[in-house]
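Contents: one structure, followed by commentary.
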Amino acid sequence: MKLQELGEFKLTKLISEIIDKSRCPECDSWQRLSIGPGDDAAAWQSNNYIQLATTDTMVQDVHFDLDTVTWEELGWKALAVSLSDIAAMGGIPQYALVSLSLPVELEVEYISRLIESMTCLASKFETAIAGGNLTSAPNVVITTTLIGYSRGEILKRSTACAGDHIAVTGYLGASAAGLRNLLGKTTMNAKSQEILRRAHLHPIPRIKEGQALIQQGIRTAIDISDGLIADLNHICESSKLNAWIELEQVPVHPLVKLNFPDYQELALCGGEDYELLFTADKNAIDRARQVLSCPVTVIGEITEKSQPEHVALRDKKGNITPHEKEGWNHFGNGLSRAKLT
């Protein structure tokens with residue numbers, strides 16, 4: 001079987017199973033590990049807190065196209081995606097490691113601009129860029145590793161309960177619409193194009209929001225990177241439950257709703273919004289809504305009900321709406337993010 005046939009999520013499961021077989025119950029490192037592969041970040045018990053670690057890689061012509069992105073935007077987003085993983089755990093970021101694989105003919109100025117942008121974002125969240133690695137390569141490859149911590153509880157994918165409401169921060173679909181604009185697929189005024197471009201290339205990780213969710217007693221969350229349906233599916237699989245989404249309740253970004261006929265698909269499947277998707281009882285979500293400065297929208301419910309797919313979509317009449325696409329899947333989509341149509 002080839003990777004394209006297996007797909008990203010089944011490959012992740014396969015790798016996790018192989019690693020799990022290597023567990024050594026007598027080893028201190030295994031005893032301290034509380035979350036391994038399969039969540040937004042790994043977590044293990046340190047002396048006085050829970051340590052968090054995550055890593056992400058962006059590859060030229062897979063995740064980005066140098067013809068449509070600036071080096072400043074590239075540096076910002078490369079670090080933002082890892083910071084968002086820490087946010088999805090309700091953690092506090094501390095240190096970043098940056099590894100760059102670069103063609104030898106690149107201008108030095110480009111890398112200076114990329115790193116300066118990374119340091120700008122890192123400073124906003126009091127994160128130190130502590131090192132990394134350099135190597136030559138035919139294409140640009142950027143790998144960021146984030147180390148963070150939590151003083152107590154953390155947000156997980158596996159802690160949803162039947163009856164939980166499903167909520168999301170902010171608005172969805174803007175990043176996917178921004179990518180479509182970058183590829184010249186739409187005609188919009190300059191101001192609207194810039195707003196959507198920033199949504200795609202200049203996301204703001206929800207670090208403080210993730211910490212606030214924990215403070216309000218919420219324990220289940222994920223950041224929306226693969227797409228709303230795909231990421232909710234991750235929660236359902238980890239929690240061994242199902243879910244339904246009220247289509248009319250999904251908070252689509254106003255510019256997307258105004259300019260894109262397929263706005264629902266962009267919001268449900270586009271991904272890379274880096275908003276927080278979380279589940280909790282009504283009271284906890286109400287408390288979160290009161291303390292967060294961003295919008296919080298309830299979009300559905302976690303359920304034990306058996307259904308053909310983990311995530312079902314319901315229209316305003318209560319009818320189940322089929323969906324073919326789920327979101328981004330490495331090895332399975334057949335298209336790079338940088339060139340998605």
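Identifiers in the structure tokens: chain A, B, ... in order shown; residue index from 1 per chain; ligand index from 1 in order shown.
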
If we count only C-alpha atoms, what is near Thr297 (chain A) at a cut-off of 8 Å, once residues fewer than 2 positions away on the same chain are taken out, given as a PDB file with C-alpha atoms, in the first residue's frame?
ATOM      1  CA  ALA A 167     -18.174  26.058  20.007  1.00  0.00           C
ATOM      2  CA  VAL A 168     -15.650  27.954  17.923  1.00  0.00           C
ATOM      3  CA  THR A 169     -13.816  31.253  18.339  1.00  0.00           C
ATOM      4  CA  GLY A 170     -13.849  33.941  15.667  1.00  0.00           C
ATOM      5  CA  GLN A 249     -24.783  28.434  12.954  1.00  0.00           C
ATOM      6  CA  VAL A 250     -21.265  28.138  11.509  1.00  0.00           C
ATOM      7  CA  PRO A 251     -19.698  31.628  11.802  1.00  0.00           C
ATOM      8  CA  PRO A 295     -16.739  36.029  19.249  1.00  0.00           C
ATOM      9  CA  ILE A 299     -22.371  25.341  16.319  1.00  0.00           C
TER      10      ILE A 299
END

message = Taking only region 84-212 of chain A into account, list the residues labelled strand (DSSP E) by DSSP (computed from the backbone), as a PyMOL selection string.
response = chain A and resi 92-102+128-136+141-150+165-169

inquiry  = So that I can check the surroundings of Asn259 (chain A), please list as number ranges by chain every protein, DNA and RNA residue that reaches within 10 Å of it, counting only C-alpha atoms and ignoring chain neighbours fewer than 5 positions away.
reply    = A: 177, 186-188, 192, 254

Write the residues you've just listed into a file as a short mmCIF file (atom, residue, chain, number, x, y, z; two decimals), in the first residue's frame, and include C-alpha atoms for each of them.
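Wrote out.cif, looks like this:
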data_model
loop_
_atom_site.label_atom_id
_atom_site.label_comp_id
_atom_site.auth_asym_id
_atom_site.auth_seq_id
_atom_site.Cartn_x
_atom_site.Cartn_y
_atom_site.Cartn_z
CA ALA A 177 -10.62 32.48 0.65
CA THR A 186 -11.34 35.94 -7.60
CA THR A 187 -11.83 39.63 -8.34
CA MET A 188 -12.31 41.76 -5.22
CA SER A 192 -10.97 43.04 0.88
CA PRO A 254 -18.57 38.25 6.42
#

request  = Just the residues within 12 Å of Leu33 (chain A), please, counting only C-alpha atoms, with nothing from its chain fewer than 2 positions along; format it as an MDAnalysis selection string.
outcome  = chainID A and resid 20 23:25 27:31 35:37 41:46 50:53

Could the residues in this selection be saved with N, CA and C atoms as a PDB file, in the first residue's frame?
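What follows is the written file out-v3.pdb:
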ATOM      1  N   ASP A  20       3.756   3.040  20.385  1.00  0.00           N
ATOM      2  CA  ASP A  20       3.148   2.558  21.629  1.00  0.00           C
ATOM      3  C   ASP A  20       3.702   1.196  22.021  1.00  0.00           C
ATOM      4  N   ARG A  23       6.822   1.223  24.246  1.00  0.00           N
ATOM      5  CA  ARG A  23       6.762   1.786  25.598  1.00  0.00           C
ATOM      6  C   ARG A  23       7.520   0.907  26.600  1.00  0.00           C
ATOM      7  N   CYS A  24       8.251   1.585  27.460  1.00  0.00           N
ATOM      8  CA  CYS A  24       8.967   0.891  28.536  1.00  0.00           C
ATOM      9  C   CYS A  24       8.425   1.406  29.866  1.00  0.00           C
ATOM     10  N   PRO A  25       7.529   0.663  30.505  1.00  0.00           N
ATOM     11  CA  PRO A  25       6.875   1.132  31.732  1.00  0.00           C
ATOM     12  C   PRO A  25       7.859   1.483  32.847  1.00  0.00           C
ATOM     13  N   CYS A  27      10.777   2.969  32.409  1.00  0.00           N
ATOM     14  CA  CYS A  27      11.572   4.163  32.094  1.00  0.00           C
ATOM     15  C   CYS A  27      10.883   5.416  32.618  1.00  0.00           C
ATOM     16  N   ASP A  28      11.649   6.302  33.224  1.00  0.00           N
ATOM     17  CA  ASP A  28      11.102   7.531  33.783  1.00  0.00           C
ATOM     18  C   ASP A  28      10.449   8.387  32.705  1.00  0.00           C
ATOM     19  N   SER A  29      11.046   8.435  31.518  1.00  0.00           N
ATOM     20  CA  SER A  29      10.498   9.270  30.442  1.00  0.00           C
ATOM     21  C   SER A  29       9.119   8.785  30.014  1.00  0.00           C
ATOM     22  N   TRP A  30       8.924   7.456  29.933  1.00  0.00           N
ATOM     23  CA  TRP A  30       7.612   6.930  29.568  1.00  0.00           C
ATOM     24  C   TRP A  30       6.600   7.126  30.696  1.00  0.00           C
ATOM     25  N   GLN A  31       7.046   7.013  31.935  1.00  0.00           N
ATOM     26  CA  GLN A  31       6.146   7.203  33.072  1.00  0.00           C
ATOM     27  C   GLN A  31       5.625   8.635  33.132  1.00  0.00           C
ATOM     28  N   ILE A  35       0.710  12.598  27.065  1.00  0.00           N
ATOM     29  CA  ILE A  35       0.133  12.640  25.717  1.00  0.00           C
ATOM     30  C   ILE A  35       1.252  12.464  24.705  1.00  0.00           C
ATOM     31  N   GLY A  36       1.142  11.411  23.893  1.00  0.00           N
ATOM     32  CA  GLY A  36       2.106  11.179  22.828  1.00  0.00           C
ATOM     33  C   GLY A  36       1.539  11.597  21.486  1.00  0.00           C
ATOM     34  N   PRO A  37       1.855  10.872  20.404  1.00  0.00           N
ATOM     35  CA  PRO A  37       1.353  11.232  19.076  1.00  0.00           C
ATOM     36  C   PRO A  37      -0.175  11.240  19.028  1.00  0.00           C
ATOM     37  N   ALA A  41      -0.128  18.736  20.638  1.00  0.00           N
ATOM     38  CA  ALA A  41       1.232  18.770  21.171  1.00  0.00           C
ATOM     39  C   ALA A  41       1.440  17.568  22.078  1.00  0.00           C
ATOM     40  N   ALA A  42       2.691  17.179  22.235  1.00  0.00           N
ATOM     41  CA  ALA A  42       3.024  16.159  23.225  1.00  0.00           C
ATOM     42  C   ALA A  42       3.043  16.808  24.600  1.00  0.00           C
ATOM     43  N   ALA A  43       2.781  16.022  25.642  1.00  0.00           N
ATOM     44  CA  ALA A  43       2.755  16.561  27.002  1.00  0.00           C
ATOM     45  C   ALA A  43       3.339  15.537  27.957  1.00  0.00           C
ATOM     46  N   TRP A  44       4.162  16.024  28.879  1.00  0.00           N
ATOM     47  CA  TRP A  44       4.688  15.157  29.913  1.00  0.00           C
ATOM     48  C   TRP A  44       4.846  15.933  31.215  1.00  0.00           C
ATOM     49  N   GLN A  45       4.822  15.193  32.313  1.00  0.00           N
ATOM     50  CA  GLN A  45       4.881  15.813  33.630  1.00  0.00           C
ATOM     51  C   GLN A  45       6.309  16.174  33.974  1.00  0.00           C
ATOM     52  N   SER A  46       6.565  17.456  34.182  1.00  0.00           N
ATOM     53  CA  SER A  46       7.846  17.909  34.692  1.00  0.00           C
ATOM     54  C   SER A  46       7.734  17.999  36.204  1.00  0.00           C
ATOM     55  N   ILE A  50       3.287  20.859  33.608  1.00  0.00           N
ATOM     56  CA  ILE A  50       3.181  19.980  32.444  1.00  0.00           C
ATOM     57  C   ILE A  50       3.952  20.615  31.288  1.00  0.00           C
ATOM     58  N   GLN A  51       4.908  19.889  30.765  1.00  0.00           N
ATOM     59  CA  GLN A  51       5.711  20.374  29.631  1.00  0.00           C
ATOM     60  C   GLN A  51       4.992  20.048  28.326  1.00  0.00           C
ATOM     61  N   LEU A  52       5.026  20.982  27.372  1.00  0.00           N
ATOM     62  CA  LEU A  52       4.399  20.801  26.065  1.00  0.00           C
ATOM     63  C   LEU A  52       5.433  20.970  24.960  1.00  0.00           C
ATOM     64  N   ALA A  53       5.290  20.210  23.884  1.00  0.00           N
ATOM     65  CA  ALA A  53       6.194  20.344  22.742  1.00  0.00           C
ATOM     66  C   ALA A  53       5.461  19.991  21.461  1.00  0.00           C
TER      67      ALA A  53
END

query = How many Å separate CA of Lys124 (chain A) from CA of Gln290 (chain A)?
reply =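 These atoms are spaced 23.8 Å apart.
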
ask   = Which residues come within 9 Å of Gly90 (chain A), counting only C-alpha atoms, excluding same-chain residues fewer than 4 positions away, as a list in words?
value =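 Non-adjacent residues within range: Asp85, Ile86, Tyr149, Ser150, Glu153, Ile154, Leu155, Lys156, Ile207, Lys208, Glu209, Gly210, Gln211, Ala212, Leu213, Ile214, Arg219 and Ala221 of chain A.
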
Taking only C-alpha atoms into account, produce a table as a tab-separated table in which each residue of region 255-334 of chain A with an atom at most 12 Å from an atom of region 73-83 of chain A appears once, together with its shortest atom pair and the distance in Å to one decimal, ordered by chain and rising number.
residue	atom	partner	partner_atom	distance
A:Gly271	CA	A:Val81	CA	11.9
A:Glu272	CA	A:Val81	CA	8.5
A:Asp273	CA	A:Val81	CA	10.0
A:Tyr274	CA	A:Val81	CA	7.6
A:Glu275	CA	A:Val81	CA	11.0

ask   = For Pro203 (chain A), which residue out of A:Ile111, A:Glu248, A:Leu3, A:Gly178 is the nearest one, using only C-alpha atoms?
value =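 Among the listed residues, A:Gly178 lies closest to Pro203 (chain A).
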
d(CA of Cys161 (chain A), CA of Ile222 (chain A)) in Å =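 Taking CA of Cys161 (chain A) and CA of Ile222 (chain A), their separation equals 14.8 Å.
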
key: Among the residues A:Leu266, A:Val59, A:Leu241, A:Val141, the one that comes closest to Ile302 (chain A) [using only C-alpha atoms]   = A:Leu241

key: Expected answer as a list in words: alpha helix (DSSP H) residues in region 17-61 of chain A   = Glu17, Ile18, Ile19, Asp20, Lys21, Asp28, Ser29, Trp30, Gln31 and Arg32 of chain A

message = Quick one: residues within 10 Å of Leu106 (chain A), only C-alpha atoms, excluding same-chain residues fewer than 4 positions away - as a PyMOL selection string?
response = chain A and resi 102+110-111+139-140

inquiry  = What does the structure give for the distance between CA of Leu196 (chain A) and CA of Thr68 (chain A), in Å to one decimal?
reply    =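 Spanning CA of Leu196 (chain A) to CA of Thr68 (chain A) is a straight-line distance of 13.6 Å.
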
Fewer than 5 positions away in the same chain doesn't count, so skip those; otherwise give me all residues within 9 Å of Val311 (chain A), counting only C-alpha atoms, as a PDB file with C-alpha atoms, in the first residue's frame.
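Output saved as around21.pdb:
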ATOM      1  CA  ILE A 229     -15.139  19.029   9.825  1.00  0.00           C
ATOM      2  CA  ALA A 230     -11.738  17.307   9.804  1.00  0.00           C
ATOM      3  CA  LEU A 232     -14.012  18.019  14.827  1.00  0.00           C
ATOM      4  CA  ASN A 233     -13.609  14.505  13.475  1.00  0.00           C
ATOM      5  CA  CYS A 236     -14.732  12.583  17.885  1.00  0.00           C
ATOM      6  CA  ASN A 242     -19.948  11.543  17.302  1.00  0.00           C
ATOM      7  CA  ALA A 243     -21.153  15.072  16.592  1.00  0.00           C
ATOM      8  CA  TRP A 244     -23.553  17.148  14.577  1.00  0.00           C
ATOM      9  CA  ILE A 245     -23.090  20.679  13.251  1.00  0.00           C
TER      10      ILE A 245
END

ask   = A:Val69, A:Glu237, A:Ile204, A:Arg157: which is nearest Lys10 (chain A), counting only C-alpha atoms?
value =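 Nearest candidate to Lys10 (chain A) out of A:Val69, A:Glu237, A:Ile204, A:Arg157: A:Glu237.
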
query = Counting only C-alpha atoms, which of A:Ser239, A:Gln216, A:Gln94, A:Ser225 gets nearest to Val291 (chain A)?
reply =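 Among the listed residues, A:Gln216 lies closest to Val291 (chain A).
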
request  = Rank A:Thr12, A:Leu100, A:Gly152, A:Asp286 by their smallest atom-to-atom distance to Thr135 (chain A), using only C-alpha atoms, and report the top residue only.
outcome  =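 Looking only at the distances to Thr135 (chain A), the closest residue turns out to be A:Leu100.
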
key: Nearest residue to Asp226 (chain A) from the set A:Leu313, A:Cys294, A:Ala267, A:Leu258 (distances using only C-alpha atoms)   =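 Of the candidates, the smallest distance to Asp226 (chain A) is held by A:Ala267.
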